[in-house]
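The structure appears below as structure tokens.
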Amino acid sequence: MAEQLIAAAEEVLSRVDTPEALRALDKSDLKGVAQAVRDYLVGSVSQTGGHLAAGLGVVELTVALHYVFNTPSDRLIWDVGHQAYPHKILTGRRQRMDSLRQKDGLSGFLKRDESEYDAFGAGHSSTSISAALGMAVAAKAEGLDREHIAVIGDGALSAGMAFEALNHGGALDADLLVILNDNDMSISNPVGAISNYLARVLSSRFYNSMREGSKQVLSKLPSMKDLALRWEEHMKGMVMPGTLFEELGFTYIGPIDGHNLPLLLSTLENMKRMKGPRFLHVVTQKGRGYAPAEGDPCVYHGVTPFDADTGKMEKKAAGLSYTKVFSDWICDLAEQDPRVFAVTPAMCEGSGLVEFSRRFADRYHDVGIAEQHAVTFAAGLACEGQKPVVAIYSTFLQRAYDQLLHDVALQNLDVTFAVDRAGFVGADGATHAGSFDLSYVRCVPNMAILAPSDEAECRALLQTAYEFSGPALVRYPRGGGLGVTPEKELTTVPWGKGRIIREGKDVVVLNFGSVLGRALEVAERLNATVADMRFVKPLDQALIKQVAANHSLIVTLEENAVAGGAGAAVAEYISTENLHNRLLLLGMPDLFIEQASQAEQLDQAGLSVDEMCQRIQAHQ
């Protein structure tokens, strides 16, 4: 069915390879274009996998935006990029959709160097309004007449950064249009005939010319002007949820049906003629037009290849993932310890907290896309004797660095960080790589850092970190490990102690974390010793001194940036102790490595078994 969907869609889309060609069509043709985009999206993503439901929900909006606005001269900024596949299809990249999220293929997000239509690179949420506002201010400074449109989802709007940008943008006389793509929020309730009518009226040229004319007349009568503005705000606040945005300085329109193309076109055309900060509230349905995705938009948010006819996805590889290890551990822990709380910034499914949220709802807190709040909220729990566990991706913990340092570590609070997706993450690429957490956390006083090398170690180190009285971080990778079955009991390992895995001669590999399998392969070839260090901080100095006495070359291996990472900690210790061993640090080079499989990314980083052996032999 996928091939049939794509072939049928091609008959329509071959005429609209660019937004310029789209704008040459009659409005009556756009419904057919939208259906072709939707069919092509389902057909192509069913073959490659990727983000589906979000894109299906904004097909009509994407068509309308490129039809009404003169992209790429007018700047269109999509938040995150989960919903940007229709945008890619309409901006000259349709023929490359079969390379989506693959090595040297199309990005699953937005990339400035991929297309001139990608005005701002994205992968993390809630950046669109800030970027669009900066562009609008720059355009005004250069005397350029162009529009700046930020499309942000209701989930992304929960982040403080989005409101910081709205607060700033409303105070500036910049041409900025913020479009809220609302597919979940309770403020969506007013959608219907009345609100659609109000949107048409409030965005019309007649209404806004009267509005601006009245301001000029009444400006000479300050008391009357204030009264009129209060009356307008009160009347609009009674029938629609835009008062907050009006208070921030935006002209609010909506909510409107985001799948009604004629309404979208007329509203956007009206708002294009308006100036200053504007806010359009559009209500959409995730997974629109594809029954399986409509029925379960969460499951179809990110998909593996699937049967386009039935929606049935390919089975994921069998085996216990690190995320499942965490999920089992925290549920087992919660049964025994009533103090444990799970906190996550909108990563319930991804971080493995679905079961916990069902069984221990009163101790589960998804705070939305608000990483800073998540960490400080956990700090508050810890202040009152609770035992919070913050479940977060490595790449998203970056967004809460000040809170980790200032609110948790400085006060030496008992918060455990379960950091998923550490190291390379495959198809999500550089925007989501957990390549830096060892480097940016290791320098923070009071913080302990643990790096398990397999599934059993992951469970034991999570428990070890939890029982430690102070802030501790356990980082583990995406996917599965070596296939080591964890013990059911909640056991710990000796604090700050590593272990010898293999005895050899001349060379010792100090392994930190999930690349133990490759370390052992290297050791087999070179007859090297392997020490699984477990702890990045505190470092097992006694073990390092022990192996340094019997090996001429010390090799450190980690799935983290070499700069400031675990290897750097070993180098600092060796220098301090005036040891005379040769030292080789293996890890991620000082560059961003783009999307590929996780194995391919490790190889690109110089961490293939062959290349590591060559580099070690060159240092002997």
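Identifiers in this document derive from the order of the structure tokens: chains are assigned A, B, ..., residues are numbered from 1 separately in each chain, and ligands are numbered from 1 in order of occurrence.
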Quiz item: Skipping near chain neighbours, those fewer than 6 positions away, what residues fall within 10 Å of segment 114-127 of chain A using only C-alpha atoms, listed as a PyMOL selection string?
Solution: chain A and resi 18-19+71-82+84+87-88+90-93+105-108+135+148+150-163+165+369-370+395-396+399+428-432
Give me, as a PDB file with N, CA, C and O atoms, in the first residue's frame, the residues of segment 389-454 of chain A that a backbone DSSP run labels strand (DSSP E or B).
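Output saved as result_4.pdb:
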```
ATOM      1  N   VAL A 389      13.569  11.116  42.108  1.00  0.00           N
ATOM      2  CA  VAL A 389      14.378  10.620  40.994  1.00  0.00           C
ATOM      3  C   VAL A 389      13.938  11.396  39.757  1.00  0.00           C
ATOM      4  O   VAL A 389      12.766  11.341  39.368  1.00  0.00           O
ATOM      5  N   VAL A 390      14.858  12.114  39.156  1.00  0.00           N
ATOM      6  CA  VAL A 390      14.558  12.881  37.943  1.00  0.00           C
ATOM      7  C   VAL A 390      14.933  12.019  36.744  1.00  0.00           C
ATOM      8  O   VAL A 390      16.105  11.715  36.526  1.00  0.00           O
ATOM      9  N   ALA A 391      13.928  11.605  35.982  1.00  0.00           N
ATOM     10  CA  ALA A 391      14.151  10.802  34.781  1.00  0.00           C
ATOM     11  C   ALA A 391      14.172  11.738  33.585  1.00  0.00           C
ATOM     12  O   ALA A 391      13.166  12.382  33.273  1.00  0.00           O
ATOM     13  N   ILE A 392      15.310  11.804  32.910  1.00  0.00           N
ATOM     14  CA  ILE A 392      15.500  12.823  31.888  1.00  0.00           C
ATOM     15  C   ILE A 392      16.516  12.333  30.862  1.00  0.00           C
ATOM     16  O   ILE A 392      17.403  11.546  31.184  1.00  0.00           O
ATOM     17  N   TYR A 393      16.358  12.771  29.621  1.00  0.00           N
ATOM     18  CA  TYR A 393      17.358  12.457  28.604  1.00  0.00           C
ATOM     19  C   TYR A 393      18.596  13.324  28.851  1.00  0.00           C
ATOM     20  O   TYR A 393      18.504  14.483  29.260  1.00  0.00           O
ATOM     21  N   THR A 416      18.404  12.053  42.838  1.00  0.00           N
ATOM     22  CA  THR A 416      19.003  11.084  41.920  1.00  0.00           C
ATOM     23  C   THR A 416      18.573  11.415  40.499  1.00  0.00           C
ATOM     24  O   THR A 416      17.378  11.590  40.233  1.00  0.00           O
ATOM     25  N   PHE A 417      19.531  11.496  39.595  1.00  0.00           N
ATOM     26  CA  PHE A 417      19.251  11.760  38.188  1.00  0.00           C
ATOM     27  C   PHE A 417      19.429  10.472  37.393  1.00  0.00           C
ATOM     28  O   PHE A 417      20.533   9.913  37.356  1.00  0.00           O
ATOM     29  N   ALA A 418      18.355   9.998  36.781  1.00  0.00           N
ATOM     30  CA  ALA A 418      18.408   8.838  35.894  1.00  0.00           C
ATOM     31  C   ALA A 418      18.467   9.379  34.473  1.00  0.00           C
ATOM     32  O   ALA A 418      17.457   9.820  33.914  1.00  0.00           O
ATOM     33  N   VAL A 419      19.664   9.371  33.893  1.00  0.00           N
ATOM     34  CA  VAL A 419      19.924  10.079  32.641  1.00  0.00           C
ATOM     35  C   VAL A 419      19.966   9.081  31.485  1.00  0.00           C
ATOM     36  O   VAL A 419      20.936   8.349  31.297  1.00  0.00           O
ATOM     37  N   ASP A 420      18.893   9.053  30.734  1.00  0.00           N
ATOM     38  CA  ASP A 420      18.722   8.147  29.594  1.00  0.00           C
ATOM     39  C   ASP A 420      19.329   8.774  28.340  1.00  0.00           C
ATOM     40  O   ASP A 420      19.615   9.971  28.301  1.00  0.00           O
ATOM     41  N   GLY A 423      25.301   9.293  25.408  1.00  0.00           N
ATOM     42  CA  GLY A 423      26.077   8.834  24.265  1.00  0.00           C
ATOM     43  C   GLY A 423      25.320   9.053  22.972  1.00  0.00           C
ATOM     44  O   GLY A 423      24.467   9.938  22.856  1.00  0.00           O
ATOM     45  N   GLY A 434      23.634  12.468  23.579  1.00  0.00           N
ATOM     46  CA  GLY A 434      23.982  12.678  24.989  1.00  0.00           C
ATOM     47  C   GLY A 434      25.472  12.611  25.174  1.00  0.00           C
ATOM     48  O   GLY A 434      25.980  11.811  25.973  1.00  0.00           O
ATOM     49  N   ALA A 448      27.912  13.128  42.315  1.00  0.00           N
ATOM     50  CA  ALA A 448      28.479  11.813  42.004  1.00  0.00           C
ATOM     51  C   ALA A 448      27.983  11.390  40.627  1.00  0.00           C
ATOM     52  O   ALA A 448      26.847  11.696  40.244  1.00  0.00           O
ATOM     53  N   ILE A 449      28.841  10.683  39.874  1.00  0.00           N
ATOM     54  CA  ILE A 449      28.484  10.260  38.518  1.00  0.00           C
ATOM     55  C   ILE A 449      28.800   8.783  38.363  1.00  0.00           C
ATOM     56  O   ILE A 449      29.944   8.353  38.574  1.00  0.00           O
ATOM     57  N   LEU A 450      27.799   8.014  37.955  1.00  0.00           N
ATOM     58  CA  LEU A 450      27.942   6.578  37.799  1.00  0.00           C
ATOM     59  C   LEU A 450      27.611   6.186  36.366  1.00  0.00           C
ATOM     60  O   LEU A 450      26.659   6.723  35.772  1.00  0.00           O
TER      61      LEU A 450
END
```
Find the residues of segment 76-103 of chain A that sit at most 9 Å from segment 32-40 of chain A; for each, write down the nearest two atoms and how far apart they are in Å, to one decimal. Count only C-alpha atoms. Sort by chain, then by number going up, and give it as a tab-separated table.
```
residue	atom	partner	partner_atom	distance
A:Pro86	CA	A:Val37	CA	6.4
A:Ile89	CA	A:Val37	CA	7.2
A:Leu90	CA	A:Val37	CA	8.0
A:Arg94	CA	A:Tyr40	CA	8.7
```
Quiz prompt | Residues near Thr284 of chain A, cut-off 12 Å, only C-alpha atoms, skip fewer than 4 positions along chain, as a VMD selection string | solution = chain A and resid 53 to 62 83 153 to 154 179 to 185 188 to 189 191 255 to 261 264 288 to 289 294
Quiz item: Out of segment 462-581 of chain A, which residues get alpha helix (DSSP H) from DSSP, as an MDAnalysis selection string?
Solution: chainID A and resid 462:467 516:526 541:548 566:577
Go ahead and dump the residues you just picked, C-alpha atoms, as a CSV table (one decimal), in the first residue's frame.
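Output file result.csv follows:
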```csv
chain,number,residue,atom,x,y,z
A,462,LEU,CA,20.8,3.1,40.2
A,463,GLN,CA,20.2,1.6,43.6
A,464,THR,CA,23.7,2.6,44.7
A,465,ALA,CA,23.1,6.2,43.6
A,466,TYR,CA,19.7,6.3,45.3
A,467,GLU,CA,21.1,5.2,48.6
A,516,LEU,CA,32.4,-2.4,27.5
A,517,GLY,CA,31.6,-4.8,24.7
A,518,ARG,CA,34.0,-3.0,22.4
A,519,ALA,CA,36.6,-2.7,25.1
A,520,LEU,CA,36.5,-6.5,25.6
A,521,GLU,CA,36.9,-7.1,21.8
A,522,VAL,CA,39.9,-4.8,21.7
A,523,ALA,CA,41.4,-6.5,24.8
A,524,GLU,CA,41.0,-10.0,23.2
A,525,ARG,CA,42.9,-8.9,20.1
A,526,LEU,CA,45.7,-7.1,22.1
A,541,GLN,CA,42.0,6.1,42.3
A,542,ALA,CA,43.3,3.0,44.1
A,543,LEU,CA,42.3,0.8,41.1
A,544,ILE,CA,44.1,3.2,38.7
A,545,LYS,CA,47.2,3.2,40.8
A,546,GLN,CA,47.0,-0.6,41.0
A,547,VAL,CA,46.8,-1.1,37.2
A,548,ALA,CA,49.3,1.7,36.5
A,566,ALA,CA,36.1,10.6,32.3
A,567,GLY,CA,39.4,10.2,30.5
A,568,ALA,CA,40.3,13.8,31.4
A,569,ALA,CA,39.6,12.8,35.1
A,570,VAL,CA,42.1,10.0,34.8
A,571,ALA,CA,44.6,12.3,33.1
A,572,GLU,CA,44.2,14.8,36.0
A,573,TYR,CA,44.8,12.1,38.6
A,574,ILE,CA,47.9,10.6,36.8
A,575,SER,CA,49.4,14.1,36.5
A,576,THR,CA,48.7,14.9,40.1
A,577,GLU,CA,50.3,11.6,41.3
```
Can you check which parts of segment 310-377 of chain A lie within 12 Å of segment 485-507 of chain A? Per residue, the shortest pair of atoms and distance in Å to one decimal, counting only C-alpha atoms, sorted by chain and number, as JSON lines.
```
{"residue": "A:Gly319", "atom": "CA", "partner": "A:Thr485", "partner_atom": "CA", "distance": 9.7}
{"residue": "A:Leu320", "atom": "CA", "partner": "A:Thr485", "partner_atom": "CA", "distance": 8.1}
{"residue": "A:Ser321", "atom": "CA", "partner": "A:Thr485", "partner_atom": "CA", "distance": 10.6}
{"residue": "A:Tyr322", "atom": "CA", "partner": "A:Pro486", "partner_atom": "CA", "distance": 10.6}
{"residue": "A:Lys324", "atom": "CA", "partner": "A:Pro486", "partner_atom": "CA", "distance": 11.0}
{"residue": "A:Val325", "atom": "CA", "partner": "A:Pro486", "partner_atom": "CA", "distance": 7.9}
{"residue": "A:Phe326", "atom": "CA", "partner": "A:Pro486", "partner_atom": "CA", "distance": 10.8}
{"residue": "A:Asp328", "atom": "CA", "partner": "A:Lys488", "partner_atom": "CA", "distance": 9.2}
{"residue": "A:Trp329", "atom": "CA", "partner": "A:Leu490", "partner_atom": "CA", "distance": 7.8}
{"residue": "A:Ile330", "atom": "CA", "partner": "A:Leu490", "partner_atom": "CA", "distance": 10.0}
{"residue": "A:Cys331", "atom": "CA", "partner": "A:Leu490", "partner_atom": "CA", "distance": 11.1}
{"residue": "A:Asp332", "atom": "CA", "partner": "A:Leu490", "partner_atom": "CA", "distance": 8.0}
{"residue": "A:Leu333", "atom": "CA", "partner": "A:Leu490", "partner_atom": "CA", "distance": 7.5}
{"residue": "A:Ala334", "atom": "CA", "partner": "A:Leu490", "partner_atom": "CA", "distance": 11.2}
{"residue": "A:Glu335", "atom": "CA", "partner": "A:Leu490", "partner_atom": "CA", "distance": 11.4}
{"residue": "A:Gln336", "atom": "CA", "partner": "A:Leu490", "partner_atom": "CA", "distance": 9.8}
{"residue": "A:Asp337", "atom": "CA", "partner": "A:Leu490", "partner_atom": "CA", "distance": 11.4}
```
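Residue neighbourhood of Ala293 of chain A, excluding near-sequence residues (fewer than 5 positions): A:Val42, A:Ser46, A:His51, A:Leu52, A:Ala53, A:Ala54, A:Gly55, A:Leu56, A:Gly57, A:Gln285, A:Lys286, A:Gly287, A:Arg288, A:Cys298, A:Val299, A:Tyr300, A:His301, A:Gly302, A:Val303, A:Phe306, A:Ala308, A:Thr310, A:Gly311, A:Lys312, A:Met313, at 12 Å, using only C-alpha atoms.
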Preceding selection exported with N, CA, C and O atoms as a compact mmCIF listing (two decimals), in the first residue's frame:
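Output (selection25.txt):
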```txt
# COMPACT_ATOMS: atom_id res chain seq x y z
N VAL A 42 2.26 9.34 4.94
CA VAL A 42 2.02 8.01 5.48
C VAL A 42 2.84 6.97 4.71
O VAL A 42 3.49 6.10 5.31
N SER A 46 6.02 5.11 6.54
CA SER A 46 5.80 3.68 6.78
C SER A 46 7.01 2.87 6.34
O SER A 46 7.24 1.76 6.84
N HIS A 51 8.81 10.42 12.80
CA HIS A 51 7.71 11.06 13.50
C HIS A 51 6.53 11.20 12.53
O HIS A 51 6.68 11.73 11.44
N LEU A 52 5.38 10.73 12.97
CA LEU A 52 4.23 10.67 12.05
C LEU A 52 3.04 11.49 12.51
O LEU A 52 2.57 12.36 11.79
N ALA A 53 2.52 11.24 13.70
CA ALA A 53 1.25 11.83 14.12
C ALA A 53 1.28 13.36 14.10
O ALA A 53 0.32 14.00 13.69
N ALA A 54 2.38 13.92 14.56
CA ALA A 54 2.46 15.38 14.62
C ALA A 54 2.39 16.00 13.22
O ALA A 54 1.71 17.01 13.01
N GLY A 55 3.08 15.39 12.26
CA GLY A 55 3.04 15.90 10.90
C GLY A 55 1.67 15.79 10.26
O GLY A 55 1.21 16.70 9.57
N LEU A 56 0.99 14.66 10.51
CA LEU A 56 -0.36 14.49 9.98
C LEU A 56 -1.30 15.57 10.49
O LEU A 56 -2.24 15.97 9.80
N GLY A 57 -1.04 16.06 11.69
CA GLY A 57 -1.91 17.06 12.28
C GLY A 57 -1.75 18.45 11.73
O GLY A 57 -2.62 19.31 11.96
N GLN A 285 -5.71 18.02 15.17
CA GLN A 285 -5.80 16.66 15.70
C GLN A 285 -4.55 15.89 15.29
O GLN A 285 -4.26 15.74 14.10
N LYS A 286 -3.81 15.38 16.27
CA LYS A 286 -2.66 14.55 15.95
C LYS A 286 -3.11 13.32 15.17
O LYS A 286 -4.12 12.71 15.51
N GLY A 287 -2.33 12.97 14.16
CA GLY A 287 -2.64 11.77 13.39
C GLY A 287 -3.77 11.93 12.41
O GLY A 287 -4.24 10.94 11.84
N ARG A 288 -4.19 13.15 12.15
CA ARG A 288 -5.36 13.43 11.32
C ARG A 288 -5.28 12.72 9.96
O ARG A 288 -4.27 12.78 9.27
N CYS A 298 -0.16 8.85 20.51
CA CYS A 298 1.07 8.71 21.31
C CYS A 298 1.96 7.63 20.71
O CYS A 298 3.15 7.83 20.50
N VAL A 299 1.37 6.47 20.42
CA VAL A 299 2.13 5.37 19.82
C VAL A 299 2.68 5.77 18.46
O VAL A 299 3.81 5.42 18.09
N TYR A 300 1.88 6.54 17.69
CA TYR A 300 2.28 6.91 16.34
C TYR A 300 3.01 8.26 16.29
O TYR A 300 3.18 8.82 15.22
N HIS A 301 3.41 8.75 17.45
CA HIS A 301 4.25 9.96 17.46
C HIS A 301 5.58 9.66 16.78
O HIS A 301 5.98 10.33 15.83
N GLY A 302 6.27 8.65 17.28
CA GLY A 302 7.51 8.20 16.66
C GLY A 302 7.36 6.72 16.35
O GLY A 302 7.05 5.93 17.24
N VAL A 303 7.55 6.36 15.09
CA VAL A 303 7.24 4.99 14.67
C VAL A 303 8.45 4.33 14.02
O VAL A 303 9.33 4.98 13.46
N PHE A 306 6.23 0.52 9.26
CA PHE A 306 4.96 -0.15 9.54
C PHE A 306 4.22 -0.43 8.24
O PHE A 306 4.55 0.11 7.17
N ALA A 308 1.47 0.28 5.95
CA ALA A 308 0.63 1.46 5.75
C ALA A 308 -0.84 1.09 5.67
O ALA A 308 -1.71 1.93 5.98
N THR A 310 -2.43 -1.46 7.42
CA THR A 310 -2.97 -1.84 8.73
C THR A 310 -2.46 -0.98 9.88
O THR A 310 -3.07 -0.95 10.95
N GLY A 311 -1.34 -0.33 9.67
CA GLY A 311 -0.72 0.43 10.75
C GLY A 311 0.15 -0.41 11.66
O GLY A 311 0.76 0.10 12.60
N LYS A 312 0.24 -1.70 11.39
CA LYS A 312 1.02 -2.59 12.25
C LYS A 312 2.50 -2.33 12.07
O LYS A 312 3.02 -2.36 10.96
N MET A 313 3.19 -2.08 13.19
CA MET A 313 4.62 -1.76 13.14
C MET A 313 5.48 -3.00 13.22
O MET A 313 5.05 -4.03 13.75
```
Exercise. Would you mind reading off the distance between atom CA of Leu176 of chain A and atom CA of Phe109 of chain A, one decimal, in Å?
Key: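 That distance, rounded to one decimal, is 22.5 Å.
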